[in-house]
>>> print(open('input-v1.cif').read())   # mmCIF, C-alpha atoms
data_work
loop_
_atom_site.group_PDB
_atom_site.id
_atom_site.type_symbol
_atom_site.label_atom_id
_atom_site.label_comp_id
_atom_site.auth_asym_id
_atom_site.auth_seq_id
_atom_site.Cartn_x
_atom_site.Cartn_y
_atom_site.Cartn_z
ATOM 1 C CA MET A 1249 17.657 -9.955 -3.018
ATOM 2 C CA ARG A 1250 18.467 -11.841 0.128
ATOM 3 C CA PHE A 1251 15.672 -13.866 1.640
ATOM 4 C CA VAL A 1252 16.026 -16.531 4.302
ATOM 5 C CA THR A 1253 14.229 -19.550 2.928
ATOM 6 C CA GLN A 1254 12.732 -21.167 6.039
ATOM 7 C CA GLN A 1255 8.982 -21.322 5.664
ATOM 8 C CA THR A 1256 8.490 -20.191 9.237
ATOM 9 C CA ARG A 1257 9.891 -16.695 8.661
ATOM 10 C CA ARG A 1258 7.231 -13.982 8.503
ATOM 11 C CA LEU A 1259 7.730 -10.993 6.233
ATOM 12 C CA MET A 1260 6.035 -7.695 7.055
ATOM 13 C CA LEU A 1261 5.704 -5.094 4.305
ATOM 14 C CA LEU A 1262 4.833 -1.524 5.244
ATOM 15 C CA ASP A 1263 3.007 0.774 2.844
ATOM 16 C CA THR A 1264 5.065 3.513 4.422
ATOM 17 C CA ALA A 1265 3.392 6.605 2.970
ATOM 18 C CA SER A 1266 -0.036 5.247 3.873
ATOM 19 C CA LEU A 1267 1.136 4.805 7.465
ATOM 20 C CA TYR A 1268 2.901 8.129 7.894
ATOM 21 C CA PHE A 1269 -0.128 9.941 6.451
ATOM 22 C CA ARG A 1270 -2.234 8.234 9.106
ATOM 23 C CA ALA A 1271 0.326 9.092 11.763
ATOM 24 C CA TYR A 1272 0.340 12.724 10.633
ATOM 25 C CA PHE A 1273 -3.421 13.045 10.978
ATOM 26 C CA GLY A 1274 -3.619 10.880 14.093
ATOM 27 C CA VAL A 1275 -0.918 12.527 16.206
ATOM 28 C CA PRO A 1276 -1.334 16.195 17.195
ATOM 29 C CA GLU A 1277 0.845 18.689 15.343
ATOM 30 C CA SER A 1278 1.817 20.031 18.759
ATOM 31 C CA VAL A 1279 4.304 17.138 18.897
ATOM 32 C CA ARG A 1280 7.388 19.061 17.833
ATOM 33 C CA ALA A 1281 11.183 18.947 17.740
ATOM 34 C CA PRO A 1282 13.227 21.208 20.052
ATOM 35 C CA ASP A 1283 13.371 23.835 17.287
ATOM 36 C CA GLY A 1284 9.577 23.833 16.971
ATOM 37 C CA THR A 1285 9.347 21.756 13.779
ATOM 38 C CA PRO A 1286 6.376 19.347 13.800
ATOM 39 C CA VAL A 1287 7.468 15.708 14.062
ATOM 40 C CA ASN A 1288 4.065 14.127 14.615
ATOM 41 C CA ALA A 1289 4.348 11.917 11.507
ATOM 42 C CA VAL A 1290 7.862 10.785 12.462
ATOM 43 C CA ARG A 1291 6.988 9.870 16.019
ATOM 44 C CA GLY A 1292 3.644 8.426 15.035
ATOM 45 C CA LEU A 1293 5.254 6.107 12.486
ATOM 46 C CA LEU A 1294 7.794 4.924 15.061
ATOM 47 C CA GLU A 1295 4.920 4.159 17.440
ATOM 48 C CA PHE A 1296 3.170 2.260 14.647
ATOM 49 C CA ILE A 1297 6.234 0.144 13.884
ATOM 50 C CA ASP A 1298 6.761 -0.550 17.587
ATOM 51 C CA ARG A 1299 3.207 -1.808 17.979
ATOM 52 C CA LEU A 1300 3.337 -3.870 14.780
ATOM 53 C CA VAL A 1301 6.558 -5.600 15.804
ATOM 54 C CA LYS A 1302 5.222 -6.265 19.311
ATOM 55 C CA ASP A 1303 1.923 -7.674 18.139
ATOM 56 C CA HIS A 1304 2.901 -9.584 15.001
ATOM 57 C CA HIS A 1305 6.553 -10.591 15.484
ATOM 58 C CA PRO A 1306 7.891 -10.332 11.936
ATOM 59 C CA ASP A 1307 11.267 -11.871 11.151
ATOM 60 C CA ASP A 1308 11.739 -9.588 8.149
ATOM 61 C CA LEU A 1309 10.482 -6.033 7.716
ATOM 62 C CA VAL A 1310 10.554 -3.719 4.701
ATOM 63 C CA ALA A 1311 9.426 -0.099 4.604
ATOM 64 C CA CYS A 1312 8.171 0.163 1.009
ATOM 65 C CA MET A 1313 8.318 3.660 -0.481
ATOM 66 C CA ASP A 1314 6.698 5.585 -3.331
ATOM 67 C CA ALA A 1315 9.677 6.442 -5.534
ATOM 68 C CA ASP A 1316 7.019 7.507 -8.038
ATOM 69 C CA TRP A 1317 3.514 7.937 -6.647
ATOM 70 C CA ARG A 1318 2.005 8.447 -10.161
ATOM 71 C CA PRO A 1319 4.035 6.385 -12.664
ATOM 72 C CA GLN A 1320 3.940 7.650 -16.225
ATOM 73 C CA TRP A 1321 3.147 4.188 -17.596
ATOM 74 C CA ARG A 1322 -0.110 4.234 -15.639
ATOM 75 C CA VAL A 1323 -0.909 7.815 -16.691
ATOM 76 C CA ASP A 1324 -0.281 6.906 -20.339
ATOM 77 C CA LEU A 1325 -3.036 4.299 -20.075
ATOM 78 C CA ILE A 1326 -5.503 6.357 -17.993
ATOM 79 C CA PRO A 1327 -4.613 10.090 -18.000
ATOM 80 C CA SER A 1328 -6.979 10.814 -15.100
ATOM 81 C CA TYR A 1329 -4.994 8.495 -12.816
ATOM 82 C CA LYS A 1330 -4.405 10.490 -9.604
ATOM 83 C CA ALA A 1331 -4.545 13.703 -11.675
ATOM 84 C CA HIS A 1332 -6.576 15.538 -9.024
ATOM 85 C CA ARG A 1333 -3.760 15.025 -6.494
ATOM 86 C CA VAL A 1334 -1.022 16.665 -8.566
ATOM 87 C CA ALA A 1335 0.341 19.788 -6.883
ATOM 88 C CA VAL A 1336 3.191 20.561 -9.322
ATOM 89 C CA GLU A 1337 3.711 19.124 -12.798
ATOM 90 C CA THR A 1338 7.328 18.435 -13.761
ATOM 91 C CA GLU A 1339 8.863 17.622 -17.141
ATOM 92 C CA THR A 1340 11.968 15.790 -15.946
ATOM 93 C CA GLY A 1341 10.608 13.597 -13.160
ATOM 94 C CA PRO A 1342 7.526 12.501 -11.252
ATOM 95 C CA ASP A 1343 4.851 15.131 -10.643
ATOM 96 C CA GLU A 1344 4.732 16.387 -7.072
ATOM 97 C CA GLU A 1345 1.834 15.155 -4.980
ATOM 98 C CA GLU A 1346 -0.301 17.509 -2.928
ATOM 99 C CA VAL A 1347 0.894 16.946 0.629
ATOM 100 C CA PRO A 1348 0.230 19.002 3.786
ATOM 101 C CA ASP A 1349 2.910 21.684 4.226
ATOM 102 C CA THR A 1350 4.062 20.372 7.593
ATOM 103 C CA LEU A 1351 4.227 16.732 6.454
ATOM 104 C CA SER A 1352 6.616 17.103 3.499
ATOM 105 C CA PRO A 1353 9.624 18.149 5.641
ATOM 106 C CA GLN A 1354 9.105 15.124 7.878
ATOM 107 C CA VAL A 1355 9.513 12.550 5.097
ATOM 108 C CA PRO A 1356 13.324 12.908 4.791
ATOM 109 C CA VAL A 1357 13.552 12.626 8.592
ATOM 110 C CA ILE A 1358 11.539 9.410 8.482
ATOM 111 C CA GLU A 1359 13.863 8.031 5.806
ATOM 112 C CA ASP A 1360 16.983 8.980 7.806
ATOM 113 C CA VAL A 1361 15.632 7.392 10.975
ATOM 114 C CA LEU A 1362 14.690 4.152 9.207
ATOM 115 C CA ASP A 1363 18.148 3.987 7.641
ATOM 116 C CA ALA A 1364 19.919 4.598 10.952
ATOM 117 C CA LEU A 1365 17.781 1.932 12.602
ATOM 118 C CA GLY A 1366 18.683 -0.542 9.856
ATOM 119 C CA ILE A 1367 15.089 -1.149 8.750
ATOM 120 C CA ALA A 1368 15.142 -2.012 5.043
ATOM 121 C CA ARG A 1369 13.689 0.848 2.988
ATOM 122 C CA VAL A 1370 12.917 0.169 -0.659
ATOM 123 C CA GLY A 1371 11.580 2.427 -3.382
ATOM 124 C CA VAL A 1372 12.187 1.882 -7.090
ATOM 125 C CA ALA A 1373 12.101 4.592 -9.768
ATOM 126 C CA GLY A 1374 9.005 4.390 -11.928
ATOM 127 C CA TYR A 1375 6.980 2.396 -9.408
ATOM 128 C CA GLU A 1376 4.655 2.949 -6.478
ATOM 129 C CA ALA A 1377 5.063 1.343 -3.079
ATOM 130 C CA ASP A 1378 2.156 -0.958 -4.021
ATOM 131 C CA ASP A 1379 4.281 -2.387 -6.831
ATOM 132 C CA VAL A 1380 7.253 -2.912 -4.527
ATOM 133 C CA ILE A 1381 4.932 -4.683 -2.087
ATOM 134 C CA GLY A 1382 3.496 -6.824 -4.877
ATOM 135 C CA THR A 1383 6.927 -7.922 -6.033
ATOM 136 C CA PHE A 1384 8.191 -8.715 -2.530
ATOM 137 C CA THR A 1385 4.995 -10.663 -1.888
ATOM 138 C CA GLY A 1386 5.374 -12.685 -5.074
ATOM 139 C CA ARG A 1387 8.935 -13.634 -4.190
ATOM 140 C CA ALA A 1388 8.333 -14.442 -0.519
ATOM 141 C CA THR A 1389 8.771 -18.029 0.600
ATOM 142 C CA GLY A 1390 6.828 -17.710 3.854
ATOM 143 C CA PRO A 1391 3.802 -15.858 5.233
ATOM 144 C CA VAL A 1392 3.423 -12.140 4.476
ATOM 145 C CA ASP A 1393 1.693 -9.375 6.427
ATOM 146 C CA ILE A 1394 0.997 -6.258 4.330
ATOM 147 C CA VAL A 1395 0.272 -3.210 6.492
ATOM 148 C CA THR A 1396 -1.618 -0.576 4.544
ATOM 149 C CA GLY A 1397 -4.561 1.786 4.621
ATOM 150 C CA ASP A 1398 -5.003 1.254 0.868
ATOM 151 C CA ARG A 1399 -7.666 -1.290 -0.078
ATOM 152 C CA ASP A 1400 -6.066 -1.729 -3.515
ATOM 153 C CA LEU A 1401 -3.670 -4.188 -1.909
ATOM 154 C CA TYR A 1402 -6.517 -6.552 -1.025
ATOM 155 C CA GLN A 1403 -5.793 -8.051 -4.450
ATOM 156 C CA LEU A 1404 -2.675 -9.684 -2.973
ATOM 157 C CA VAL A 1405 -4.537 -11.621 -0.269
ATOM 158 C CA ASP A 1406 -3.857 -15.336 -0.688
ATOM 159 C CA ASP A 1407 -4.714 -17.800 2.065
ATOM 160 C CA ALA A 1408 -2.787 -20.635 0.441
ATOM 161 C CA ARG A 1409 0.435 -18.612 0.641
ATOM 162 C CA GLY A 1410 -0.330 -16.981 3.997
ATOM 163 C CA VAL A 1411 -0.623 -13.483 2.537
ATOM 164 C CA ARG A 1412 -2.961 -11.164 4.412
ATOM 165 C CA VAL A 1413 -3.528 -7.428 4.704
ATOM 166 C CA LEU A 1414 -3.461 -5.697 8.086
ATOM 167 C CA TYR A 1415 -5.677 -2.664 7.557
ATOM 168 C CA PRO A 1416 -5.534 -0.023 10.323
ATOM 169 C CA LEU A 1417 -8.947 0.950 11.634
ATOM 170 C CA LYS A 1418 -7.677 3.089 14.518
ATOM 171 C CA GLY A 1419 -3.959 3.704 14.662
ATOM 172 C CA VAL A 1420 -2.392 0.283 14.364
ATOM 173 C CA GLY A 1421 -3.721 -0.942 17.680
ATOM 174 C CA THR A 1422 -6.929 -1.993 15.946
ATOM 175 C CA LEU A 1423 -6.270 -3.804 12.688
ATOM 176 C CA GLN A 1424 -8.654 -5.471 10.304
ATOM 177 C CA LEU A 1425 -7.055 -8.813 9.461
ATOM 178 C CA THR A 1426 -8.036 -9.207 5.830
ATOM 179 C CA ASP A 1427 -7.990 -12.765 4.513
ATOM 180 C CA GLU A 1428 -9.997 -14.495 1.789
ATOM 181 C CA ALA A 1429 -12.907 -15.301 4.117
ATOM 182 C CA TRP A 1430 -13.240 -11.625 5.034
ATOM 183 C CA LEU A 1431 -13.052 -10.574 1.371
ATOM 184 C CA ARG A 1432 -15.716 -13.070 0.339
ATOM 185 C CA GLU A 1433 -18.028 -11.928 3.124
ATOM 186 C CA LYS A 1434 -17.494 -8.241 2.385
ATOM 187 C CA TYR A 1435 -17.162 -8.186 -1.408
ATOM 188 C CA GLY A 1436 -18.028 -11.666 -2.626
ATOM 189 C CA VAL A 1437 -14.572 -12.120 -4.200
ATOM 190 C CA ASP A 1438 -11.165 -13.490 -3.305
ATOM 191 C CA GLY A 1439 -7.893 -11.580 -3.623
ATOM 192 C CA THR A 1440 -7.552 -12.108 -7.360
ATOM 193 C CA GLY A 1441 -11.154 -11.114 -7.923
ATOM 194 C CA TYR A 1442 -10.731 -7.883 -5.978
ATOM 195 C CA ALA A 1443 -8.681 -6.329 -8.797
ATOM 196 C CA ASP A 1444 -11.485 -7.115 -11.273
ATOM 197 C CA LEU A 1445 -14.049 -5.654 -8.885
ATOM 198 C CA ALA A 1446 -11.957 -2.502 -8.455
ATOM 199 C CA THR A 1447 -11.636 -2.139 -12.230
ATOM 200 C CA LEU A 1448 -15.398 -2.321 -12.741
ATOM 201 C CA ARG A 1449 -16.304 -0.164 -9.740
ATOM 202 C CA GLY A 1450 -13.597 2.433 -10.283
ATOM 203 C CA ASP A 1451 -12.025 4.555 -7.574
ATOM 204 C CA PRO A 1452 -12.538 8.347 -7.513
ATOM 205 C CA SER A 1453 -9.676 8.762 -5.026
ATOM 206 C CA ASP A 1454 -7.303 7.409 -7.699
ATOM 207 C CA GLY A 1455 -9.034 9.024 -10.670
ATOM 208 C CA LEU A 1456 -10.273 5.690 -12.023
ATOM 209 C CA PRO A 1457 -13.703 6.163 -13.617
ATOM 210 C CA GLY A 1458 -14.889 2.555 -13.604
ATOM 211 C CA VAL A 1459 -17.804 1.420 -15.741
ATOM 212 C CA PRO A 1460 -20.652 3.947 -15.455
ATOM 213 C CA GLY A 1461 -23.643 2.578 -13.576
ATOM 214 C CA ILE A 1462 -21.751 -0.412 -12.178
ATOM 215 C CA GLY A 1463 -21.017 0.073 -8.512
ATOM 216 C CA GLU A 1464 -19.511 -2.275 -5.993
ATOM 217 C CA LYS A 1465 -22.581 -4.481 -5.474
ATOM 218 C CA THR A 1466 -23.320 -4.855 -9.179
ATOM 219 C CA ALA A 1467 -19.665 -5.592 -9.901
ATOM 220 C CA ALA A 1468 -19.672 -8.302 -7.231
ATOM 221 C CA LYS A 1469 -22.866 -9.840 -8.702
ATOM 222 C CA LEU A 1470 -21.415 -9.863 -12.209
ATOM 223 C CA LEU A 1471 -18.220 -11.518 -10.982
ATOM 224 C CA ALA A 1472 -20.250 -14.114 -9.075
ATOM 225 C CA GLU A 1473 -22.245 -14.816 -12.243
ATOM 226 C CA PHE A 1474 -19.426 -14.893 -14.802
ATOM 227 C CA GLY A 1475 -16.234 -15.547 -12.799
ATOM 228 C CA ASP A 1476 -13.885 -12.819 -13.900
ATOM 229 C CA LEU A 1477 -13.628 -9.606 -15.885
ATOM 230 C CA ALA A 1478 -12.684 -11.324 -19.145
ATOM 231 C CA ALA A 1479 -15.765 -13.540 -18.960
ATOM 232 C CA ILE A 1480 -17.992 -10.546 -18.214
ATOM 233 C CA MET A 1481 -16.721 -8.722 -21.287
ATOM 234 C CA ALA A 1482 -17.131 -11.860 -23.405
ATOM 235 C CA ALA A 1483 -20.749 -12.047 -22.224
ATOM 236 C CA VAL A 1484 -21.435 -8.619 -23.729
ATOM 237 C CA ASP A 1485 -21.402 -10.258 -27.177
ATOM 238 C CA ASP A 1486 -23.471 -13.258 -26.080
ATOM 239 C CA PRO A 1487 -27.183 -12.501 -26.430
ATOM 240 C CA LYS A 1488 -27.999 -15.406 -24.079
ATOM 241 C CA ALA A 1489 -25.815 -14.038 -21.253
ATOM 242 C CA LYS A 1490 -27.600 -12.796 -18.154
ATOM 243 C CA LEU A 1491 -26.940 -9.089 -18.553
ATOM 244 C CA THR A 1492 -29.554 -6.361 -18.408
ATOM 245 C CA PRO A 1493 -29.769 -4.163 -21.504
ATOM 246 C CA SER A 1494 -28.272 -1.224 -19.623
ATOM 247 C CA GLN A 1495 -25.389 -3.340 -18.295
ATOM 248 C CA ARG A 1496 -24.670 -4.688 -21.756
ATOM 249 C CA LYS A 1497 -24.690 -1.183 -23.223
ATOM 250 C CA ARG A 1498 -22.480 0.342 -20.515
ATOM 251 C CA LEU A 1499 -19.970 -2.485 -20.639
ATOM 252 C CA ALA A 1500 -19.805 -2.297 -24.422
ATOM 253 C CA GLU A 1501 -19.248 1.461 -24.310
ATOM 254 C CA SER A 1502 -16.532 0.980 -21.689
ATOM 255 C CA ARG A 1503 -14.412 -1.442 -23.739
ATOM 256 C CA PRO A 1504 -11.571 1.086 -24.228
ATOM 257 C CA TYR A 1505 -11.377 1.649 -20.460
ATOM 258 C CA VAL A 1506 -11.657 -2.048 -19.589
ATOM 259 C CA ALA A 1507 -8.892 -2.868 -22.087
ATOM 260 C CA VAL A 1508 -6.313 -0.803 -20.181
ATOM 261 C CA ALA A 1509 -7.629 -0.457 -16.622
ATOM 262 C CA PRO A 1510 -6.498 -3.878 -15.334
ATOM 263 C CA THR A 1511 -2.865 -2.938 -16.036
ATOM 264 C CA VAL A 1512 -3.337 0.243 -14.024
ATOM 265 C CA VAL A 1513 -5.262 -1.380 -11.168
ATOM 266 C CA LYS A 1514 -3.136 -4.485 -10.707
ATOM 267 C CA VAL A 1515 0.069 -4.053 -8.761
ATOM 268 C CA ALA A 1516 3.233 -4.887 -10.643
ATOM 269 C CA GLY A 1517 4.980 -8.114 -9.749
ATOM 270 C CA ASP A 1518 8.179 -7.579 -11.694
ATOM 271 C CA VAL A 1519 9.771 -4.532 -10.067
ATOM 272 C CA PRO A 1520 13.604 -4.675 -10.252
ATOM 273 C CA LEU A 1521 14.176 -4.781 -6.509
ATOM 274 C CA PRO A 1522 17.632 -3.928 -5.182
ATOM 275 C CA GLU A 1523 19.722 -6.268 -3.096
ATOM 276 C CA VAL A 1524 18.593 -5.647 0.468
ATOM 277 C CA ASP A 1525 18.814 -7.345 3.842
ATOM 278 C CA THR A 1526 15.217 -7.539 5.041
ATOM 279 C CA THR A 1527 16.029 -8.994 8.476
ATOM 280 C CA LEU A 1528 14.373 -7.104 11.317
ATOM 281 C CA PRO A 1529 17.254 -5.342 13.093
ATOM 282 C CA ARG A 1530 17.885 -6.069 16.749
ATOM 283 C CA ALA A 1531 20.223 -3.083 17.188
ATOM 284 C CA PRO A 1532 20.645 0.176 15.231
ATOM 285 C CA ARG A 1533 22.755 0.015 12.096
ATOM 286 C CA ASP A 1534 24.225 3.458 12.846
ATOM 287 C CA PRO A 1535 23.895 4.268 16.573
ATOM 288 C CA ALA A 1536 25.745 7.591 16.291
ATOM 289 C CA ALA A 1537 23.520 8.845 13.478
ATOM 290 C CA LEU A 1538 20.437 7.668 15.356
ATOM 291 C CA ASP A 1539 21.515 9.493 18.523
ATOM 292 C CA GLU A 1540 22.010 12.673 16.511
ATOM 293 C CA LEU A 1541 18.609 12.342 14.865
ATOM 294 C CA ALA A 1542 16.934 11.619 18.185
ATOM 295 C CA ALA A 1543 18.443 14.722 19.761
ATOM 296 C CA ARG A 1544 17.783 17.026 16.815
ATOM 297 C CA TRP A 1545 14.183 15.964 16.286
ATOM 298 C CA GLY A 1546 13.194 15.159 19.853
ATOM 299 C CA LEU A 1547 12.161 11.584 19.112
ATOM 300 C CA GLY A 1548 12.209 10.693 22.792
ATOM 301 C CA GLY A 1549 10.042 7.888 24.070
ATOM 302 C CA SER A 1550 8.768 6.889 20.619
ATOM 303 C CA LEU A 1551 12.253 5.861 19.530
ATOM 304 C CA HIS A 1552 13.262 4.416 22.901
ATOM 305 C CA ARG A 1553 10.227 2.143 22.989
ATOM 306 C CA LEU A 1554 10.903 0.876 19.463
ATOM 307 C CA LEU A 1555 14.560 0.213 20.268
ATOM 308 C CA ALA A 1556 13.544 -1.738 23.384
ATOM 309 C CA THR A 1557 11.079 -3.803 21.328
ATOM 310 C CA LEU A 1558 13.683 -4.556 18.650
ATOM 311 C CA GLU A 1559 16.144 -5.772 21.297
ATOM 312 C CA THR A 1560 13.750 -8.385 22.679
#
>>> encode(input="input-v1.cif", output="structure tokens")
Amino acid sequence: MRFVTQQTRRLMLLDTASLYFRAYFGVPESVRAPDGTPVNAVRGLLEFIDRLVKDHHPDDLVACMDADWRPQWRVDLIPSYKAHRVAVETETGPDEEEVPDTLSPQVPVIEDVLDALGIARVGVAGYEADDVIGTFTGRATGPVDIVTGDRDLYQLVDDARGVRVLYPLKGVGTLQLTDEAWLREKYGVDGTGYADLATLRGDPSDGLPGVPGIGEKTAAKLLAEFGDLAAIMAAVDDPKAKLTPSQRKRLAESRPYVAVAPTVVKVAGDVPLPEVDTTLPRAPRDPAALDELAARWGLGGSLHRLLATLET
């Protein structure tokens, strides 16, 4: 992996699928290529990247990809993990995720355009984009901006290292800048504590059951009282600990879940990342390929604006 070591360099990590899903639903499907194929996700993502580069001036940029959106090692621990989003089960590779019919064909176009632009694109077999982001973040030597619509990545927020999450509220023009102060005000935890809170609370959108009867507010109170998940579970066996009888019972009954859930909830930090140049490109890596893609898919002003921004 090639990183420039000056502390002043800012790394921006894109949760790419999260962003192109938002682009797909935020840009009308009437935005089409000359042959009539919808390209709303493609053009919307280009607009997103343009705005992010303009507003936040990263020195390095990585489009992190889901090479495996539902890794088997997570499913082995919690079989319900993302099970409700499986469209097609496969025996030889990752299950196929349920994706809108007109979005799936746009993903290869997005990948081709990013490659022609020279924007680093990284996905690793057996891992989600979250894990790629977690590993890049752990290895970074300067500040990191993580752009995602997935709150799971709040666990990476770290003021001391300059790691924050830019969470899109409306497009990417309005971003929630998530730092430790915001997390403490909203959830009563810091970045590290958010993973414990998410484990206790669960997440129906990911098929994580959580501890029955312990929602977000109760989880936050327990973490404020005991410090972390391990201390909460230790308190279950301490008759003097400040747990209600129902909390004690539910936590005790949930030991099998709590034993494995943190591994599922926490992003991996040891993904074998490939050698990649993360430097934000100032000119396209493959101008001829980019011209061909622009003409075929009618990328027009979206691409031109991004190219102009990259040149400045």
>>> resolve_selection(input="input-v1.cif", expression="the PyMOL selection byres ((chain A and resi 1398-1406) around 8)", output="short mmCIF file (atom, residue, chain, number, x, y, z; two decimals) with C-alpha atoms, keeping the file's coordinate frame")
data_model
loop_
_atom_site.label_atom_id
_atom_site.label_comp_id
_atom_site.auth_asym_id
_atom_site.auth_seq_id
_atom_site.Cartn_x
_atom_site.Cartn_y
_atom_site.Cartn_z
CA SER A 1266 -0.04 5.25 3.87
CA ASP A 1378 2.16 -0.96 -4.02
CA GLY A 1382 3.50 -6.82 -4.88
CA THR A 1385 5.00 -10.66 -1.89
CA THR A 1396 -1.62 -0.58 4.54
CA GLY A 1397 -4.56 1.79 4.62
CA ASP A 1407 -4.71 -17.80 2.06
CA ALA A 1408 -2.79 -20.64 0.44
CA ARG A 1409 0.44 -18.61 0.64
CA GLY A 1410 -0.33 -16.98 4.00
CA VAL A 1411 -0.62 -13.48 2.54
CA ARG A 1412 -2.96 -11.16 4.41
CA VAL A 1413 -3.53 -7.43 4.70
CA TYR A 1415 -5.68 -2.66 7.56
CA THR A 1426 -8.04 -9.21 5.83
CA ASP A 1427 -7.99 -12.76 4.51
CA GLU A 1428 -10.00 -14.50 1.79
CA ASP A 1438 -11.16 -13.49 -3.30
CA GLY A 1439 -7.89 -11.58 -3.62
CA THR A 1440 -7.55 -12.11 -7.36
CA GLY A 1441 -11.15 -11.11 -7.92
CA TYR A 1442 -10.73 -7.88 -5.98
CA ALA A 1443 -8.68 -6.33 -8.80
CA ALA A 1446 -11.96 -2.50 -8.46
CA VAL A 1513 -5.26 -1.38 -11.17
CA LYS A 1514 -3.14 -4.49 -10.71
CA VAL A 1515 0.07 -4.05 -8.76
#
>>> resolve_selection(input="input-v1.cif", expression="the PyMOL selection byres ((chain A and resi 1496) around 10)", output="PDB file with C-alpha atoms, keeping the file's coordinate frame")
ATOM      1  CA  ILE A1480     -17.992 -10.546 -18.214  1.00  0.00           C
ATOM      2  CA  MET A1481     -16.721  -8.722 -21.287  1.00  0.00           C
ATOM      3  CA  ALA A1483     -20.749 -12.047 -22.224  1.00  0.00           C
ATOM      4  CA  VAL A1484     -21.435  -8.619 -23.729  1.00  0.00           C
ATOM      5  CA  ASP A1485     -21.402 -10.258 -27.177  1.00  0.00           C
ATOM      6  CA  ASP A1486     -23.471 -13.258 -26.080  1.00  0.00           C
ATOM      7  CA  PRO A1487     -27.183 -12.501 -26.430  1.00  0.00           C
ATOM      8  CA  ALA A1489     -25.815 -14.038 -21.253  1.00  0.00           C
ATOM      9  CA  LYS A1490     -27.600 -12.796 -18.154  1.00  0.00           C
ATOM     10  CA  LEU A1491     -26.940  -9.089 -18.553  1.00  0.00           C
ATOM     11  CA  THR A1492     -29.554  -6.361 -18.408  1.00  0.00           C
ATOM     12  CA  PRO A1493     -29.769  -4.163 -21.504  1.00  0.00           C
ATOM     13  CA  SER A1494     -28.272  -1.224 -19.623  1.00  0.00           C
ATOM     14  CA  GLN A1495     -25.389  -3.340 -18.295  1.00  0.00           C
ATOM     15  CA  LYS A1497     -24.690  -1.183 -23.223  1.00  0.00           C
ATOM     16  CA  ARG A1498     -22.480   0.342 -20.515  1.00  0.00           C
ATOM     17  CA  LEU A1499     -19.970  -2.485 -20.639  1.00  0.00           C
ATOM     18  CA  ALA A1500     -19.805  -2.297 -24.422  1.00  0.00           C
ATOM     19  CA  GLU A1501     -19.248   1.461 -24.310  1.00  0.00           C
ATOM     20  CA  SER A1502     -16.532   0.980 -21.689  1.00  0.00           C
TER      21      SER A1502
END
>>> closest_residue(input="input-v1.cif", among="A:Lys1488, A:Leu1555, A:Pro1457, A:Glu1277", to="Asp1539 in chain A", atoms="only C-alpha atoms")
A:Leu1555
>>> residues_around(input="input-v1.cif", residues="range 1318-1335 of chain A", least_positions_apart="3", cutoff="12 Å", atoms="only C-alpha atoms", output="PyMOL selection string")
chain A and resi 1314-1315+1338-1349+1372-1379+1447+1450-1458+1504-1516
>>> atom_distance(input="input-v1.cif", atom1="CA of Arg1257 in chain A", atom2="CA of Gly1421 in chain A")
22.7 Å
>>> atom_distance(input="input-v1.cif", atom1="CA of Arg1533 in chain A", atom2="CA of Val1395 in chain A")
23.4 Å
>>> closest_residue(input="input-v1.cif", among="A:Ala1482, A:Val1459, A:Leu1351, A:Val1370", to="Val1524 in chain A", atoms="all atoms listed in the file")
A:Val1370
>>> closest_residue(input="input-v1.cif", among="A:Pro1416, A:Pro1306, A:Pro1353, A:Gly1386", to="Ala1271 in chain A", atoms="only C-alpha atoms")
A:Pro1416
>>> atom_distance(input="input-v1.cif", atom1="CA of Pro1520 in chain A", atom2="CA of Ala1265 in chain A")
20.2 Å
>>> axis_aligned_box(input="input-v1.cif", around="range 1510-1527 of chain A", padding_each_side="4 Å", output="lines of an AutoDock Vina configuration file")
center_x = 6.6
center_y = -4.4
center_z = -3.8
size_x = 34.2
size_y = 17.2
size_z = 32.5
>>> residues_near_point(input="input-v1.cif", point="(14.2, -6.3, 13.8)", cutoff="8 Å", atoms="only C-alpha atoms", output="list in words")
Val1301, Pro1306, Asp1307, Asp1308, Leu1309, Ile1367, Thr1527, Leu1528, Pro1529, Arg1530, Ala1531, Leu1558 and Glu1559 of chain A
>>> closest_residue(input="input-v1.cif", among="A:Lys1418, A:Thr1350, A:His1305, A:Pro1356", to="Val1279 in chain A", atoms="all atoms listed in the file")
A:Thr1350
>>> residues_around(input="input-v1.cif", residues="Val1392 in chain A", least_positions_apart="4", cutoff="6 Å", atoms="only C-alpha atoms", output="list in words")
Arg1258, Leu1259, Met1260 and Val1411 of chain A
>>> write_last_selection(input="input-v1.cif", atoms="C-alpha atoms", output="PDB file, keeping the file's coordinate frame")
ATOM      1  CA  ARG A1258       7.231 -13.982   8.503  1.00  0.00           C
ATOM      2  CA  LEU A1259       7.730 -10.993   6.233  1.00  0.00           C
ATOM      3  CA  MET A1260       6.035  -7.695   7.055  1.00  0.00           C
ATOM      4  CA  VAL A1411      -0.623 -13.483   2.537  1.00  0.00           C
TER       5      VAL A1411
END
>>> closest_residue(input="input-v1.cif", among="A:Lys1469, A:Arg1553, A:Arg1387, A:Arg1449", to="Val1437 in chain A", atoms="all atoms listed in the file")
A:Lys1469
>>> resolve_selection(input="input-v1.cif", expression="the PyMOL selection byres ((chain A and resi 1286) around 10)", output="count of residues only")
21
